[in-house]
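Have a look at final06.cif; it's mmCIF, C-alpha atoms:
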data_coords
loop_
_atom_site.label_atom_id
_atom_site.label_comp_id
_atom_site.auth_asym_id
_atom_site.auth_seq_id
_atom_site.Cartn_x
_atom_site.Cartn_y
_atom_site.Cartn_z
CA MET A 861 14.36 -29.15 18.71
CA SER A 862 18.13 -28.89 18.45
CA SER A 863 18.87 -30.37 15.02
CA PHE A 864 17.38 -30.53 11.53
CA GLY A 865 18.19 -34.15 10.67
CA ALA A 866 15.30 -35.59 12.66
CA LEU A 867 12.79 -33.78 10.42
CA THR A 868 14.02 -35.06 7.10
CA LYS A 869 12.38 -38.50 7.02
CA ASN A 870 8.93 -36.95 6.64
CA TYR A 871 9.73 -34.88 3.55
CA ASP A 872 11.09 -35.29 0.02
CA GLY A 873 11.77 -31.64 -0.73
CA PHE A 874 12.87 -28.54 1.13
CA ILE A 875 12.23 -24.88 0.30
CA VAL A 876 15.02 -23.04 2.08
CA ASP A 877 15.38 -19.30 2.62
CA LEU A 878 18.83 -17.84 2.02
CA TRP A 879 19.65 -14.71 3.99
CA GLY A 880 19.29 -15.51 7.69
CA VAL A 881 19.13 -19.29 7.16
CA VAL A 882 21.96 -20.26 4.80
CA HIS A 883 24.19 -17.19 5.14
CA ASP A 884 24.56 -13.82 6.87
CA GLY A 885 25.48 -11.83 3.76
CA TYR A 886 29.15 -12.74 4.07
CA ALA A 887 29.46 -16.48 4.77
CA PRO A 888 27.36 -19.58 5.46
CA TYR A 889 26.25 -20.16 9.03
CA PRO A 890 27.98 -22.99 10.92
CA GLY A 891 26.68 -26.41 9.89
CA VAL A 892 24.85 -25.25 6.76
CA LEU A 893 27.15 -26.80 4.16
CA ASP A 894 27.16 -30.10 6.04
CA CYS A 895 23.36 -30.03 6.30
CA LEU A 896 22.95 -29.42 2.57
CA ALA A 897 25.42 -32.19 1.76
CA ARG A 898 23.55 -34.64 4.00
CA LEU A 899 20.22 -33.76 2.38
CA LYS A 900 21.63 -34.42 -1.07
CA ALA A 901 23.23 -37.67 0.07
CA ALA A 902 19.82 -38.79 1.36
CA GLY A 903 18.26 -38.13 -2.07
CA LYS A 904 16.32 -35.08 -0.92
CA ARG A 905 15.67 -32.08 -3.14
CA VAL A 906 16.48 -28.53 -2.07
CA VAL A 907 15.39 -25.29 -3.74
CA PHE A 908 16.28 -21.90 -2.34
CA LEU A 909 13.44 -19.36 -2.23
CA SER A 910 14.70 -15.85 -1.61
CA ASN A 911 13.19 -12.40 -1.44
CA ALA A 912 16.36 -11.13 -3.12
CA PRO A 913 15.59 -8.42 -5.71
CA ARG A 914 17.62 -10.07 -8.46
CA ARG A 915 17.42 -13.01 -10.83
CA PRO A 916 18.55 -16.56 -9.96
CA SER A 917 21.70 -16.65 -12.10
CA GLY A 918 23.39 -13.92 -10.06
CA ILE A 919 22.23 -15.46 -6.79
CA ILE A 920 23.67 -18.84 -7.79
CA GLN A 921 27.03 -17.23 -8.58
CA PHE A 922 27.03 -15.39 -5.24
CA LEU A 923 26.21 -18.60 -3.35
CA ALA A 924 28.98 -20.50 -5.13
CA SER A 925 31.47 -17.79 -4.13
CA MET A 926 30.82 -18.63 -0.47
CA GLY A 927 30.92 -22.41 -0.94
CA VAL A 928 27.22 -23.12 -1.53
CA THR A 929 27.93 -24.74 -4.88
CA PRO A 930 25.30 -25.93 -7.41
CA ASP A 931 25.80 -29.58 -6.44
CA LEU A 932 24.32 -28.77 -3.02
CA HIS A 933 20.93 -27.60 -4.32
CA ASP A 934 18.42 -27.99 -7.14
CA GLY A 935 17.84 -24.36 -8.07
CA VAL A 936 16.79 -20.90 -6.92
CA MET A 937 13.55 -18.93 -7.12
CA SER A 938 13.48 -15.28 -6.11
CA SER A 939 11.14 -12.33 -5.75
CA GLY A 940 13.35 -10.59 -8.31
CA GLU A 941 12.61 -13.35 -10.82
CA ALA A 942 8.88 -13.06 -10.11
CA VAL A 943 9.07 -9.30 -10.79
CA TYR A 944 11.12 -9.91 -13.94
CA LEU A 945 8.48 -12.34 -15.25
CA GLY A 946 5.68 -9.90 -14.41
CA LEU A 947 7.47 -7.06 -16.23
CA ARG A 948 8.33 -9.29 -19.18
CA ASP A 949 4.88 -10.77 -19.66
CA ARG A 950 2.97 -7.68 -18.44
CA THR A 951 0.58 -9.91 -16.52
CA GLU A 952 -2.02 -8.87 -13.93
CA GLU A 953 -1.07 -5.58 -12.23
CA PHE A 954 1.98 -5.16 -14.46
CA ALA A 955 -0.18 -4.76 -17.58
CA THR A 956 -1.05 -1.12 -16.83
CA LEU A 957 2.33 0.17 -15.62
CA GLY A 958 3.52 1.93 -18.76
CA ASN A 959 6.98 1.81 -20.30
CA ARG A 960 9.07 4.40 -18.42
CA ILE A 961 10.74 3.02 -15.30
CA TYR A 962 12.45 4.84 -12.45
CA HIS A 963 14.80 2.50 -10.58
CA LEU A 964 15.29 2.96 -6.84
CA GLY A 965 18.12 0.63 -5.88
CA PRO A 966 21.74 -0.32 -6.61
CA PRO A 967 23.07 -1.11 -10.12
CA ARG A 968 23.58 -4.80 -9.22
CA ASP A 969 19.79 -5.27 -9.23
CA ARG A 970 19.34 -4.05 -12.80
CA ASP A 971 19.04 -7.60 -14.15
CA VAL A 972 15.40 -7.48 -13.03
CA PHE A 973 14.64 -5.16 -15.96
CA ASP A 974 17.65 -4.22 -18.09
CA SER A 975 17.08 -6.91 -20.75
CA LEU A 976 13.44 -5.91 -21.17
CA ASP A 977 11.79 -3.33 -23.41
CA TYR A 978 11.51 -0.50 -20.88
CA GLU A 979 12.83 3.04 -21.01
CA GLN A 980 14.70 4.12 -17.86
CA ALA A 981 13.82 7.56 -16.52
CA THR A 982 16.33 9.53 -14.46
CA ASP A 983 13.64 11.60 -12.73
CA PRO A 984 10.41 10.33 -11.11
CA ALA A 985 8.51 13.14 -12.84
CA GLU A 986 9.38 11.53 -16.20
CA ALA A 987 8.48 7.95 -15.20
CA ASP A 988 5.35 5.80 -15.36
CA PHE A 989 6.29 3.70 -12.32
CA VAL A 990 9.08 3.16 -9.80
CA LEU A 991 10.87 -0.17 -9.39
CA ASN A 992 12.08 -0.44 -5.80
CA THR A 993 14.87 -2.99 -5.28
CA GLY A 994 16.06 -1.47 -2.00
CA PRO A 995 18.54 1.04 -0.61
CA ASP A 996 21.15 2.24 -3.09
CA ASP A 997 24.91 2.41 -2.64
CA ASP A 998 24.99 6.20 -2.21
CA LEU A 999 22.49 6.67 0.61
CA GLY A 1000 23.13 3.29 2.23
CA PRO A 1001 20.91 0.81 4.11
CA HIS A 1002 20.72 2.38 7.57
CA GLU A 1003 18.77 5.68 7.49
CA PRO A 1004 15.26 5.45 5.97
CA ALA A 1005 14.85 9.22 6.31
CA LEU A 1006 17.46 9.72 3.59
CA TYR A 1007 15.02 8.18 1.10
CA ARG A 1008 12.16 10.51 1.96
CA PRO A 1009 12.93 13.02 -0.85
CA VAL A 1010 12.86 10.39 -3.61
CA LEU A 1011 9.78 8.70 -2.14
CA ASP A 1012 8.04 12.09 -1.95
CA ALA A 1013 8.98 12.79 -5.57
CA CYS A 1014 7.47 9.47 -6.62
CA LEU A 1015 4.33 10.20 -4.61
CA LYS A 1016 4.04 13.64 -6.20
CA ALA A 1017 4.27 12.01 -9.63
CA ARG A 1018 1.59 9.48 -8.55
CA LEU A 1019 3.81 6.58 -9.52
CA PRO A 1020 2.80 3.02 -8.65
CA MET A 1021 5.69 1.22 -6.95
CA VAL A 1022 6.83 -2.29 -7.82
CA CYS A 1023 8.68 -3.74 -4.82
CA ALA A 1024 11.07 -6.56 -5.73
CA ASN A 1025 11.93 -7.52 -2.14
CA PRO A 1026 9.15 -7.63 0.49
CA ASP A 1027 11.66 -8.04 3.36
CA LEU A 1028 11.72 -5.16 5.83
CA GLU A 1029 15.22 -5.84 7.12
CA VAL A 1030 17.99 -8.43 7.30
CA LEU A 1031 21.07 -9.02 9.40
CA LYS A 1032 24.32 -8.62 7.48
CA GLY A 1033 27.22 -9.91 9.52
CA GLY A 1034 25.20 -9.15 12.65
CA GLU A 1035 24.29 -5.63 11.48
CA ARG A 1036 20.62 -4.83 10.90
CA ILE A 1037 19.96 -3.16 7.54
CA ILE A 1038 16.75 -2.09 5.81
CA CYS A 1039 15.42 -3.64 2.61
CA ALA A 1040 13.09 -2.66 -0.22
CA GLY A 1041 10.07 -3.78 1.79
CA TYR A 1042 10.77 -1.12 4.41
CA LEU A 1043 10.77 1.62 1.78
CA ALA A 1044 7.59 0.15 0.27
CA GLN A 1045 5.95 0.20 3.69
CA LEU A 1046 6.76 3.91 4.02
CA TYR A 1047 5.40 4.55 0.53
CA ALA A 1048 2.15 2.69 1.16
CA GLY A 1049 1.78 4.44 4.52
CA ASP A 1050 1.77 7.77 2.69
CA GLY A 1051 -0.87 6.59 0.25
CA GLY A 1052 1.28 5.19 -2.53
CA ARG A 1053 0.19 2.14 -4.50
CA VAL A 1054 2.56 -0.82 -4.06
CA ILE A 1055 2.76 -4.02 -6.12
CA GLN A 1056 4.86 -6.73 -4.43
CA ARG A 1057 6.08 -10.16 -5.43
CA GLY A 1058 7.69 -12.72 -3.14
CA LYS A 1059 7.10 -14.20 0.28
CA PRO A 1060 4.62 -14.24 2.03
CA ASP A 1061 2.49 -14.23 -1.16
CA ALA A 1062 1.43 -17.84 -1.78
CA ALA A 1063 1.75 -17.32 -5.56
CA ILE A 1064 5.55 -17.56 -5.51
CA TYR A 1065 5.38 -21.10 -4.13
CA THR A 1066 3.80 -22.40 -7.37
CA PRO A 1067 6.94 -21.96 -9.54
CA THR A 1068 9.08 -22.95 -6.57
CA LEU A 1069 7.29 -26.28 -6.15
CA ALA A 1070 7.50 -26.84 -9.91
CA LEU A 1071 11.27 -26.38 -9.71
CA LEU A 1072 11.48 -28.60 -6.64
CA GLY A 1073 9.33 -31.39 -8.10
CA THR A 1074 7.69 -32.46 -4.83
CA SER A 1075 4.11 -32.27 -3.59
CA PRO A 1076 3.15 -29.68 -0.96
CA ALA A 1077 2.38 -32.48 1.50
CA ARG A 1078 5.93 -33.82 1.22
CA THR A 1079 7.63 -30.41 1.31
CA LEU A 1080 9.05 -28.46 4.23
CA ALA A 1081 9.82 -24.73 4.10
CA VAL A 1082 12.70 -23.45 6.23
CA GLY A 1083 12.99 -19.77 7.12
CA ASP A 1084 14.07 -17.23 9.71
CA SER A 1085 11.25 -14.68 9.31
CA LEU A 1086 7.78 -15.21 10.74
CA ARG A 1087 6.39 -12.40 8.58
CA THR A 1088 7.62 -13.76 5.23
CA ASP A 1089 8.93 -17.35 5.44
CA ILE A 1090 6.61 -18.92 7.98
CA ALA A 1091 3.52 -16.91 7.00
CA GLY A 1092 4.22 -17.60 3.32
CA ALA A 1093 4.46 -21.34 3.91
CA LYS A 1094 1.17 -21.25 5.80
CA ALA A 1095 -0.48 -19.36 2.93
CA ALA A 1096 0.76 -22.04 0.52
CA ASN A 1097 -0.37 -24.87 2.84
CA ILE A 1098 3.19 -26.12 3.33
CA ASP A 1099 4.74 -27.22 6.63
CA SER A 1100 7.43 -24.91 7.97
CA CYS A 1101 10.46 -24.96 10.24
CA TRP A 1102 11.46 -21.70 11.91
CA VAL A 1103 15.17 -21.14 12.53
CA LEU A 1104 16.39 -18.43 14.89
CA SER A 1105 19.66 -17.57 13.17
CA GLY A 1106 18.39 -14.48 11.33
CA VAL A 1107 16.14 -11.48 11.93
CA HIS A 1108 14.43 -12.79 15.06
CA ALA A 1109 17.45 -14.27 16.86
CA LEU A 1110 15.32 -14.83 19.95
CA HIS A 1111 16.04 -16.73 23.08
CA PRO A 1112 14.62 -20.17 22.21
CA GLU A 1113 12.18 -20.17 25.10
CA ALA A 1114 10.49 -16.99 23.76
CA ALA A 1115 10.02 -18.28 20.21
CA PRO A 1116 6.89 -20.46 20.61
CA ALA A 1117 4.94 -17.63 22.21
CA GLU A 1118 5.98 -15.21 19.45
CA ALA A 1119 4.92 -17.65 16.75
CA ALA A 1120 1.58 -18.25 18.47
CA ALA A 1121 1.01 -14.52 18.88
CA SER A 1122 1.45 -14.19 15.11
CA GLY A 1123 -1.10 -16.93 14.47
CA LEU A 1124 1.58 -19.25 13.10
CA ASN A 1125 2.43 -22.83 13.95
CA PRO A 1126 5.74 -24.07 12.53
CA ILE A 1127 6.24 -27.78 13.10
CA ALA A 1128 9.67 -27.14 14.61
CA ILE A 1129 11.78 -24.28 15.93
CA LEU A 1130 15.56 -24.64 15.64
CA PRO A 1131 18.56 -22.49 16.54
CA GLY A 1132 19.88 -22.85 12.98
CA PHE A 1133 19.91 -24.86 9.74
CA ALA A 1134 22.28 -27.56 10.95
CA TRP A 1135 21.97 -31.34 10.92
#
Translate this structure into structure tokens?
Amino acid sequence: MSSFGALTKNYDGFIVDLWGVVHDGYAPYPGVLDCLARLKAAGKRVVFLSNAPRRPSGIIQFLASMGVTPDLHDGVMSSGEAVYLGLRDRTEEFATLGNRIYHLGPPRDRDVFDSLDYEQATDPAEADFVLNTGPDDDLGPHEPALYRPVLDACLKARLPMVCANPDLEVLKGGERIICAGYLAQLYAGDGGRVIQRGKPDAAIYTPTLALLGTSPARTLAVGDSLRTDIAGAKAANIDSCWVLSGVHALHPEAAPAEAAASGLNPIAILPGFAW
């Protein structure tokens, strides 16, 4: 398909990924603001579901700074919020983590834990667990090998890792950068225990649907990643639309075969999130 508008009559609500669908880390993709405005004018509901390792309030401010204002959507759910809730309520796997946290990531992601009753450790050897929100500002998002010393230190201390962003990589202004999920993959590959929240885990769609207010049968998920967005929608029994503006950026003719090879069947494949 070439446009999104033809899909809208079959759905009341839309779960839309952010990075790779709505924006490239700097600005919205062409046609996105118009598409969101048309959805709202048609009485449709839109909630953004992001694997961003931070809470919704900061994401909403960031979106507004690039023109995706609150009147164009009905809220945001994020993997960072899911981790925050797990740390706050100490539910499931979070119940046994202990109280001393080592943060691997940039200061802007601290809202995931800094209002909670945890003690921050400056050395993995002094921590009970590591919270991984992604590459930090010092070592940067391009060379995974630079993170090997801190990952090895966490492994030596036998720290469980909480990963607040399951994404492996994103495109930022056309540049491919690694995310927290890549570091978590390295950690798990070396025998570390990893706790993740976010897509493709079906659990994150429960609060998202509650925020959206539509039934799964009348909801469409829109994403650019087969591994997280499209697989997550399938796990939650929600129809999906795969857009090729982000991490895959395939030639359109190659996309159906790639989806099929992954065991996925989005109802539509589009070049971008445009009406």
(request) Can you work out which one of A:Asp969, A:Asp872, A:Asp1050, A:Asp1099 has the shortest atom-to-atom distance to Asp997 in chain A, counting all atoms listed in the file? (result) A:Asp969
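Look at Leu1028 in chain A: the protein and nucleic acid residues within 10 Å of it, using all atoms listed in the file and passing over chain neighbours fewer than 6 places away, are A:Gly994, A:Ile1037, A:Ile1038, A:Cys1039, A:Ala1040, A:Gly1041, A:Tyr1042, A:Leu1043, A:Ala1044, A:Gln1045, A:Arg1087, A:Thr1088, A:Val1107.
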(request) Grab the CA of Ala1005 in chain A to CA of Asp1061 in chain A distance for me, in Å with one decimal place. (result)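 We find that CA of Ala1005 in chain A and CA of Asp1061 in chain A lie 27.5 Å from each other.
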(message) Can you translate the PyMOL selection byres ((chain A and resi 1032) around 6) into the concrete residues it hits in this file, as a count of residues only?
(response) 6
Take every atom of range 1037-1056 of chain A listed in the file, pad by 5 Å on each side, and give me the axis-aligned box centre and edge lengths in Å, one decimal, as lines of an AutoDock Vina configuration file.
center_x = 9.5
center_y = 0.5
center_z = 0.7
size_x = 30.8
size_y = 24.5
size_z = 23.7
(message) Quick one: residues within 8 Å of Leu1072 in chain A, all atoms listed in the file, excluding same-chain residues fewer than 3 positions away - as a VMD selection string?
(response) chain A and resid 873 to 875 905 to 907 934 to 935 1068 to 1069
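Going from CA of His963 in chain A over to CA of Leu991 in chain A, you cover 4.9 Å.
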(request) For CA of Leu1015 in chain A and CA of Ser975 in chain A, quote the distance in Å rounded to one decimal. (result)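 Atom-to-atom, CA of Leu1015 in chain A to CA of Ser975 in chain A, that is 26.8 Å.
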(request) Using all atoms listed in the file, pick whichever of A:Val892, A:Val972, A:Ala866, A:Leu1130 has the shortest atom-to-atom distance to Pro916 in chain A. (result)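 When distances to Pro916 in chain A are compared using all atoms listed in the file, the smallest one comes from A:Val972.
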(request) Find the residue from A:Ala1114, A:Leu867, A:Ile920, A:Ala1128 that sits nearest to Gly1083 in chain A; use all atoms listed in the file when measuring. (result)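 Closest to Gly1083 in chain A, using all atoms listed in the file: A:Ala1128.
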(request) Report as a PyMOL selection string the residues that result from applying the PyMOL selection byres ((chain A and resi 958) around 12) to the structure here. (result) chain A and resi 947+950+953-957+959-962+977-981+986-990+1019-1020
